[in-house]
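Below is the file target31.txt, which contains compact mmCIF, C-alpha atoms.
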```txt
# COMPACT_ATOMS: atom_id res chain seq x y z
CA MET A 1 155.02 -3.21 45.77
CA LYS A 2 155.95 -0.58 43.19
CA THR A 3 156.83 -2.37 39.97
CA VAL A 4 156.69 -1.72 36.25
CA ARG A 5 155.39 -3.84 33.42
CA ASP A 6 157.35 -7.05 33.08
CA LYS A 7 158.59 -8.21 29.67
CA SER A 8 155.25 -9.84 28.84
CA GLY A 9 153.50 -6.52 29.37
CA ARG A 10 151.69 -7.47 32.54
CA LEU A 11 150.89 -4.94 35.27
CA LEU A 12 152.42 -7.19 37.90
CA GLY A 13 151.83 -5.73 41.36
CA GLN A 14 150.47 -2.41 40.13
CA VAL A 15 147.62 -1.08 42.28
CA VAL A 16 144.68 0.00 40.11
CA LEU A 17 141.69 1.82 41.62
CA VAL A 18 138.54 1.76 39.45
CA THR A 19 135.45 3.81 40.23
CA GLY A 20 132.08 2.78 38.79
CA ALA A 21 133.39 -0.79 38.89
CA SER A 22 130.11 -2.59 39.57
CA SER A 23 129.04 -2.80 35.91
CA GLY A 24 129.73 -1.79 32.33
CA LEU A 25 133.08 -0.39 31.27
CA GLY A 26 134.41 -0.08 34.83
CA GLU A 27 133.77 -3.78 35.46
CA GLN A 28 135.49 -4.76 32.21
CA ILE A 29 138.51 -2.53 32.95
CA ALA A 30 138.82 -4.26 36.32
CA TYR A 31 138.82 -7.70 34.69
CA GLU A 32 141.36 -6.69 32.06
CA ALA A 33 143.69 -5.14 34.65
CA ALA A 34 143.36 -8.33 36.71
CA ARG A 35 144.31 -10.42 33.67
CA GLN A 36 147.49 -8.32 33.57
CA GLN A 37 148.11 -9.32 37.23
CA ALA A 38 147.31 -5.93 38.72
CA ILE A 39 146.06 -5.58 42.27
CA VAL A 40 142.58 -4.26 41.60
CA ILE A 41 140.56 -2.06 43.97
CA LEU A 42 136.91 -1.67 43.04
CA CYS A 43 134.53 1.01 44.26
CA ALA A 44 130.88 1.68 43.54
CA ARG A 45 127.57 1.89 45.39
CA ARG A 46 126.41 -1.72 44.81
CA LYS A 47 128.23 -3.86 47.34
CA GLU A 48 126.73 -7.19 46.24
CA LYS A 49 128.02 -6.68 42.69
CA LEU A 50 131.45 -5.61 43.91
CA ILE A 51 131.85 -8.79 45.97
CA THR A 52 131.27 -10.98 42.91
CA ILE A 53 133.53 -8.89 40.67
CA ALA A 54 136.34 -8.81 43.25
CA ARG A 55 136.29 -12.60 43.48
CA LYS A 56 136.59 -12.92 39.71
CA CYS A 57 139.43 -10.37 39.63
CA GLN A 58 141.31 -12.35 42.24
CA GLN A 59 140.88 -15.54 40.20
CA LEU A 60 142.08 -13.81 37.04
CA SER A 61 145.11 -12.13 38.61
CA GLY A 62 146.29 -14.52 41.29
CA GLN A 63 146.62 -11.31 43.32
CA PRO A 64 144.49 -9.84 46.11
CA ALA A 65 141.47 -7.83 44.99
CA PHE A 66 139.58 -5.36 47.15
CA TYR A 67 136.28 -3.50 47.05
CA TYR A 68 134.72 -0.48 48.74
CA GLU A 69 131.08 0.47 48.83
CA LEU A 70 131.31 4.16 47.97
CA ASP A 71 129.10 7.11 47.19
CA LEU A 72 131.45 9.32 45.21
CA ILE A 73 129.60 12.53 46.05
CA ASP A 74 130.40 12.10 49.77
CA PRO A 75 133.91 13.55 50.35
CA GLN A 76 134.15 11.96 53.79
CA GLN A 77 133.54 8.49 52.35
CA VAL A 78 136.19 9.11 49.70
CA ASP A 79 138.74 10.26 52.27
CA GLN A 80 138.02 7.30 54.53
CA MET A 81 138.44 4.86 51.63
CA LEU A 82 141.78 6.37 50.60
CA ALA A 83 143.08 6.29 54.16
CA ASP A 84 142.14 2.62 54.41
CA ILE A 85 143.81 1.83 51.07
CA ARG A 86 146.95 3.66 52.13
CA ASN A 87 147.13 1.89 55.51
CA LYS A 88 146.06 -1.62 54.54
CA ILE A 89 146.98 -2.11 50.87
CA SER A 90 149.49 0.23 49.22
CA ASN A 91 149.85 3.43 47.29
CA ILE A 92 147.69 3.73 44.17
CA ASP A 93 149.58 3.48 40.87
CA ILE A 94 146.67 3.99 38.47
CA LEU A 95 143.34 5.71 39.09
CA VAL A 96 140.52 5.05 36.63
CA ASN A 97 137.67 7.56 36.99
CA CYS A 98 134.82 5.60 35.41
CA ALA A 99 131.85 6.44 37.66
CA GLY A 100 129.14 8.55 36.11
CA PHE A 101 125.62 8.64 34.75
CA GLY A 102 123.53 10.49 32.18
CA LEU A 103 119.93 11.28 31.38
CA PHE A 104 118.65 12.16 27.92
CA ARG A 105 115.88 14.73 28.20
CA ASP A 106 115.05 18.14 26.75
CA PHE A 107 116.62 20.79 28.96
CA LEU A 108 113.37 22.72 29.47
CA ALA A 109 111.90 19.58 31.04
CA PHE A 110 115.06 18.68 32.98
CA ASP A 111 114.88 18.37 36.77
CA LEU A 112 117.75 20.54 37.96
CA THR A 113 118.05 18.45 41.12
CA VAL A 114 119.16 15.61 38.84
CA ALA A 115 121.45 18.04 36.99
CA ARG A 116 123.18 18.92 40.26
CA GLU A 117 123.55 15.24 41.12
CA MET A 118 125.05 14.59 37.69
CA PHE A 119 127.65 17.32 38.16
CA GLU A 120 128.41 16.07 41.68
CA VAL A 121 129.08 12.53 40.42
CA ASN A 122 130.54 13.14 36.97
CA VAL A 123 132.64 16.21 37.80
CA LEU A 124 132.96 17.28 41.44
CA GLY A 125 133.27 13.80 42.93
CA LEU A 126 135.81 12.94 40.24
CA MET A 127 137.78 16.10 41.03
CA HIS A 128 137.86 15.43 44.77
CA LEU A 129 139.08 11.85 44.36
CA THR A 130 141.60 12.85 41.69
CA GLN A 131 143.10 15.60 43.84
CA LYS A 132 143.52 13.29 46.83
CA VAL A 133 145.08 10.49 44.78
CA ALA A 134 147.40 12.85 42.85
CA LEU A 135 148.66 14.30 46.13
CA GLU A 136 149.61 10.78 47.21
CA MET A 137 151.27 10.00 43.85
CA ALA A 138 153.32 13.20 43.72
CA PRO A 139 156.03 12.27 46.29
CA PHE A 140 156.80 9.10 44.29
CA GLY A 141 157.15 10.98 40.99
CA SER A 142 154.95 8.49 39.15
CA GLY A 143 151.35 7.46 38.58
CA GLN A 144 148.60 7.62 36.00
CA ILE A 145 145.10 9.08 36.10
CA VAL A 146 142.59 7.86 33.50
CA MET A 147 139.48 9.94 32.90
CA ILE A 148 136.52 8.26 31.22
CA ALA A 149 134.90 11.22 29.46
CA SER A 150 132.78 10.93 26.30
CA GLN A 151 132.44 11.98 22.69
CA ALA A 152 129.36 13.77 24.03
CA GLY A 153 131.75 16.21 25.66
CA LYS A 154 133.06 17.14 22.21
CA ILE A 155 129.85 17.07 20.16
CA ALA A 156 126.68 17.89 22.08
CA THR A 157 123.40 16.59 20.69
CA MET A 158 119.76 17.19 21.49
CA LYS A 159 118.54 15.87 24.87
CA SER A 160 122.12 15.51 26.14
CA SER A 161 122.69 19.13 27.23
CA VAL A 162 123.44 18.40 30.89
CA TYR A 163 125.36 15.17 30.31
CA SER A 164 127.42 16.77 27.55
CA ALA A 165 128.19 19.71 29.84
CA THR A 166 129.55 17.37 32.52
CA LYS A 167 131.74 15.49 30.06
CA ALA A 168 133.01 18.69 28.44
CA ALA A 169 134.03 19.76 31.95
CA VAL A 170 135.89 16.47 32.46
CA ILE A 171 137.74 16.91 29.16
CA SER A 172 138.79 20.48 29.95
CA PHE A 173 139.77 19.52 33.50
CA SER A 174 141.85 16.62 32.17
CA ASN A 175 143.66 18.79 29.63
CA ALA A 176 144.68 21.34 32.24
CA LEU A 177 145.54 18.69 34.84
CA ARG A 178 147.77 16.88 32.34
CA LEU A 179 149.95 19.99 32.07
CA GLU A 180 150.04 20.57 35.83
CA LEU A 181 150.96 16.99 36.74
CA LYS A 182 153.52 16.32 34.00
CA PRO A 183 156.40 17.93 35.96
CA LEU A 184 155.49 15.65 38.88
CA GLY A 185 155.83 12.51 36.77
CA ILE A 186 152.08 11.79 36.75
CA THR A 187 150.37 11.19 33.42
CA VAL A 188 146.73 11.92 32.56
CA MET A 189 144.88 10.05 29.82
CA THR A 190 141.39 10.95 28.65
CA VAL A 191 139.10 8.35 27.11
CA ASN A 192 136.33 9.69 24.87
CA PRO A 193 134.08 6.82 23.80
CA GLY A 194 130.91 6.99 21.79
CA PRO A 195 127.88 4.96 22.91
CA ILE A 196 128.85 1.78 24.78
CA LYS A 197 126.66 -1.29 25.11
CA THR A 198 126.18 -1.10 28.87
CA ALA A 199 123.48 -0.57 31.49
CA PHE A 200 124.26 3.17 31.29
CA PHE A 201 121.34 3.49 28.89
CA ASP A 202 118.90 1.86 31.32
CA ARG A 203 118.78 5.21 33.10
CA ALA A 204 119.98 7.59 30.40
CA ASP A 205 117.43 6.64 27.76
CA GLU A 206 113.92 6.59 29.17
CA THR A 207 112.44 5.45 25.83
CA GLY A 208 114.69 2.41 25.55
CA ASN A 209 115.09 3.01 21.81
CA TYR A 210 118.39 4.88 21.47
CA LEU A 211 120.81 1.97 21.87
CA ASN A 212 118.88 -0.07 19.31
CA THR A 213 119.01 2.83 16.85
CA ILE A 214 122.79 3.23 17.05
CA ASP A 215 123.60 -0.47 17.53
CA LYS A 216 125.96 -0.63 14.55
CA VAL A 217 128.30 2.01 15.98
CA ALA A 218 127.91 1.10 19.65
CA ILE A 219 131.09 -0.08 21.36
CA GLU A 220 131.57 -3.42 23.13
CA PRO A 221 132.83 -2.60 26.65
CA ASP A 222 135.28 -5.51 26.84
CA LYS A 223 137.03 -4.44 23.63
CA LEU A 224 137.35 -0.85 24.83
CA ALA A 225 138.62 -2.05 28.21
CA LYS A 226 141.43 -3.95 26.50
CA LYS A 227 142.46 -0.81 24.59
CA ILE A 228 142.43 1.27 27.78
CA VAL A 229 144.43 -1.21 29.84
CA ARG A 230 147.00 -1.59 27.05
CA SER A 231 147.60 2.14 27.51
CA PHE A 232 148.25 1.87 31.24
CA LYS A 233 151.78 2.99 32.17
CA THR A 234 152.21 4.78 28.84
CA LYS A 235 152.20 8.48 27.97
CA ARG A 236 149.21 8.24 25.68
CA ARG A 237 147.17 11.44 25.82
CA GLU A 238 143.74 10.34 24.56
CA ILE A 239 141.71 7.42 23.32
CA ASN A 240 138.95 8.49 20.95
CA THR A 241 136.53 5.89 19.67
CA PRO A 242 134.90 5.01 17.36
CA ILE A 243 137.03 6.59 14.65
CA ALA A 244 133.96 7.77 12.73
CA MET A 245 132.83 9.90 15.66
CA GLU A 246 136.27 11.40 16.11
CA VAL A 247 136.36 12.30 12.41
CA ALA A 248 132.91 13.85 12.85
CA ASN A 249 134.26 15.87 15.77
CA LYS A 250 137.07 17.29 13.63
CA ALA A 251 134.59 18.17 10.90
CA TYR A 252 132.28 19.77 13.47
CA ILE A 253 135.09 22.10 14.56
CA LEU A 254 135.83 23.11 10.97
CA PHE A 255 132.20 23.39 9.81
CA PRO A 256 130.05 24.15 12.89
CA LYS A 257 126.92 25.25 10.99
CA ILE A 258 126.85 22.03 9.00
CA GLY A 259 127.55 20.15 12.22
CA ASP A 260 124.55 21.77 13.92
CA PHE A 261 122.34 20.76 11.01
CA LEU A 262 123.52 17.15 11.04
CA THR A 263 123.35 16.66 14.81
CA GLY A 264 120.00 18.40 15.03
CA ASN A 265 118.38 16.59 12.12
CA VAL A 266 120.14 13.71 10.37
CA PHE A 267 121.81 12.22 13.47
CA ASN A 268 119.10 13.11 15.98
CA THR A 269 118.19 9.61 17.17
CA LYS A 270 117.30 10.19 20.83
```
Re-express the file's structure as structure tokens.
Amino acid sequence: MKTVRDKSGRLLGQVVLVTGASSGLGEQIAYEAARQQAIVILCARRKEKLITIARKCQQLSGQPAFYYELDLIDPQQVDQMLADIRNKISNIDILVNCAGFGLFRDFLAFDLTVAREMFEVNVLGLMHLTQKVALEMAPFGSGQIVMIASQAGKIATMKSSVYSATKAAVISFSNALRLELKPLGITVMTVNPGPIKTAFFDRADETGNYLNTIDKVAIEPDKLAKKIVRSFKTKRREINTPIAMEVANKAYILFPKIGDFLTGNVFNTK
């Protein structure tokens, strides 16, 4: 089942595992990979959504599509899923770590139980799954791991202290892992998007106002998914979008005091 892109650029026969696949960016990545004829494996907590998405993936790809109801913070569930994939489907060629959530709230009012859950999903669950999949990729000398991080991991803003901390951890983890896995033939790509027009903000923004405020710079998930899937099976290091936010990140590094003023005042829209 191991194949490479054919001449038309399709991911024919490649096995792509997508976490957080029941909505938003993860769902769109699954559809785009299916359009490229990948064998898509979806996992998330909402089984009813996964069933519908898997059917659409199968129609788009003409290939089998699979789904697993999964709570990423449960290591036993993760291990059981991977064993089932290995025994019944094939080895994983591409892992897309897209599961995660955020909550915008002042840190002094933040429930640390939720903070722990956020780290368990966004960081620790991601690490456990990544380690297990990379161990299975290593003997083949190939594979790709895609980390969906965030521009919030580069520039922290008010009310995003915990979420930004989790995404900064993902970015640092990815950068170190990239170096460790390169000799094994496994590539690591980090995706750092700005705000995306998805249901993420249904939980993250309790006021319901933030996405409307930044609508002009918010990213359409289907367009970002296309960019990500085009980078499958390449050695691309990062995707940073939108460009304006990446430029702001560079300026923030060079002029941190000005950056603090702008993020704390001019660009404080939460």
Show me, as a PDB file with C-alpha atoms, in the coordinates of the input, the residues that have an atom within 6 Å of range 178-188 of chain A when counting all atoms listed in the file, minus same-chain residues fewer than 2 positions from it.
```
ATOM      1  CA  ALA A 138     153.320  13.200  43.720  1.00  0.00           C
ATOM      2  CA  GLY A 141     157.150  10.980  40.990  1.00  0.00           C
ATOM      3  CA  SER A 142     154.950   8.490  39.150  1.00  0.00           C
ATOM      4  CA  GLY A 143     151.350   7.460  38.580  1.00  0.00           C
ATOM      5  CA  GLN A 144     148.600   7.620  36.000  1.00  0.00           C
ATOM      6  CA  ILE A 145     145.100   9.080  36.100  1.00  0.00           C
ATOM      7  CA  VAL A 146     142.590   7.860  33.500  1.00  0.00           C
ATOM      8  CA  SER A 174     141.850  16.620  32.170  1.00  0.00           C
ATOM      9  CA  ASN A 175     143.660  18.790  29.630  1.00  0.00           C
ATOM     10  CA  ALA A 176     144.680  21.340  32.240  1.00  0.00           C
TER      11      ALA A 176
END
```
* **Shortest interatomic distance to Glu27 in chain A - which of A:Ile148, A:Val133, A:Ala225, A:Ala156, counting only C-alpha atoms** =>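 Using only C-alpha atoms, the shortest distance to Glu27 in chain A belongs to A:Ala225.
Going from CA of Ile219 in chain A over to CA of Leu126 in chain A, you cover 23.4 Å.
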* Asked: From the set A:Leu254, A:Ile239, A:Ile196, A:Ala21, which residue has the shortest atom-to-atom contact distance to Glu220 in chain A, counting all atoms listed in the file?
  -> A:Ile196
Give me the range 16-45 of chain A side of the contact with range 49-58 of chain A, cut-off 7 Å, one line per residue showing its nearest atom pair and distance in Å at one decimal, counting only C-alpha atoms, sorted by chain and residue number, as CSV.
```
residue,atom,partner,partner_atom,distance
A:Ser22,CA,A:Leu50,CA,5.5
A:Ala30,CA,A:Cys57,CA,7.0
A:Tyr31,CA,A:Cys57,CA,5.6
A:Ala34,CA,A:Cys57,CA,5.3
A:Leu42,CA,A:Leu50,CA,6.8
```
* For Gly125 in chain A, which residue out of A:Asp74, A:Arg46, A:Val40, A:Gln28 is the nearest one, using all atoms listed in the file? ->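 Going through A:Asp74, A:Arg46, A:Val40, A:Gln28 one by one, the smallest distance to Gly125 in chain A is for A:Asp74.
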* Atomic distance CA of Lys47 in chain A - CA of Ile228 in chain A, expressed in Å with one decimal ->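 Value for the CA of Lys47 in chain A-CA of Ile228 in chain A distance: 24.7 Å.
Note that the spacing between CA of Pro195 in chain A and CA of Ser172 in chain A amounts to 20.2 Å.
Residue nearest Val229 in chain A within the list A:Ile29, A:Leu112, A:Leu12, A:Ala152: A:Ile29 [criterion: smallest interatomic distance, only C-alpha atoms].
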* Distance criterion (all atoms listed in the file): nearest to Asp111 in chain A out of A:Lys235, A:Leu17, A:Leu95, A:Val162 ->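 Among the listed residues, A:Val162 lies closest to Asp111 in chain A.
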* Tell me, as a list of chain:residue names, which residues lie within 12 Å of His128 in chain A, counting only C-alpha atoms; anything in the same chain fewer than 3 positions away does not count. =>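 Once the adjacent positions are removed, what remains is A:Leu72, A:Ile73, A:Asp74, A:Pro75, A:Gln76, A:Gln77, A:Val78, A:Asp79, A:Leu82, A:Asn97, A:Glu120, A:Val121, A:Asn122, A:Val123, A:Leu124, A:Gly125, A:Gln131, A:Lys132, A:Val133, A:Ala134, A:Leu135.
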N, CA, C and O atoms are what I want for range 73-88 of chain A; can you complete it accordingly and write them as a compact mmCIF listing (two decimals), keeping the file's coordinate frame?
```
# COMPACT_ATOMS: atom_id res chain seq x y z
N ILE A 73 129.91 11.12 45.76
CA ILE A 73 129.60 12.53 46.05
C ILE A 73 129.78 12.86 47.52
O ILE A 73 129.61 14.02 47.92
N ASP A 74 130.16 11.88 48.34
CA ASP A 74 130.40 12.10 49.77
C ASP A 74 131.90 12.20 50.02
O ASP A 74 132.59 11.18 50.06
N PRO A 75 132.46 13.41 50.18
CA PRO A 75 133.91 13.55 50.35
C PRO A 75 134.46 12.78 51.55
O PRO A 75 135.59 12.27 51.49
N GLN A 76 133.68 12.67 52.61
CA GLN A 76 134.15 11.96 53.79
C GLN A 76 134.33 10.48 53.49
O GLN A 76 135.32 9.87 53.92
N GLN A 77 133.39 9.90 52.75
CA GLN A 77 133.54 8.49 52.35
C GLN A 77 134.78 8.29 51.50
O GLN A 77 135.52 7.31 51.67
N VAL A 78 135.01 9.20 50.58
CA VAL A 78 136.19 9.11 49.70
C VAL A 78 137.47 9.16 50.52
O VAL A 78 138.38 8.34 50.35
N ASP A 79 137.53 10.11 51.45
CA ASP A 79 138.74 10.26 52.27
C ASP A 79 138.97 9.04 53.15
O ASP A 79 140.12 8.59 53.33
N GLN A 80 137.90 8.49 53.69
CA GLN A 80 138.02 7.30 54.53
C GLN A 80 138.51 6.11 53.71
O GLN A 80 139.35 5.32 54.18
N MET A 81 137.99 5.96 52.50
CA MET A 81 138.44 4.86 51.63
C MET A 81 139.93 4.99 51.31
O MET A 81 140.68 4.01 51.42
N LEU A 82 140.37 6.18 50.96
CA LEU A 82 141.78 6.37 50.60
C LEU A 82 142.70 6.13 51.78
O LEU A 82 143.79 5.57 51.63
N ALA A 83 142.27 6.54 52.96
CA ALA A 83 143.08 6.29 54.16
C ALA A 83 143.20 4.79 54.41
O ALA A 83 144.28 4.28 54.76
N ASP A 84 142.12 4.07 54.20
CA ASP A 84 142.14 2.62 54.41
C ASP A 84 143.03 1.94 53.37
O ASP A 84 143.81 1.03 53.71
N ILE A 85 142.95 2.39 52.12
CA ILE A 85 143.81 1.83 51.07
C ILE A 85 145.28 2.08 51.40
O ILE A 85 146.12 1.20 51.29
N ARG A 86 145.57 3.29 51.82
CA ARG A 86 146.95 3.66 52.13
C ARG A 86 147.50 2.83 53.29
O ARG A 86 148.65 2.38 53.27
N ASN A 87 146.68 2.59 54.30
CA ASN A 87 147.13 1.89 55.51
C ASN A 87 147.15 0.38 55.37
O ASN A 87 148.01 -0.29 55.96
N LYS A 88 146.22 -0.17 54.58
CA LYS A 88 146.06 -1.62 54.54
C LYS A 88 146.53 -2.28 53.25
O LYS A 88 146.78 -3.49 53.22
```
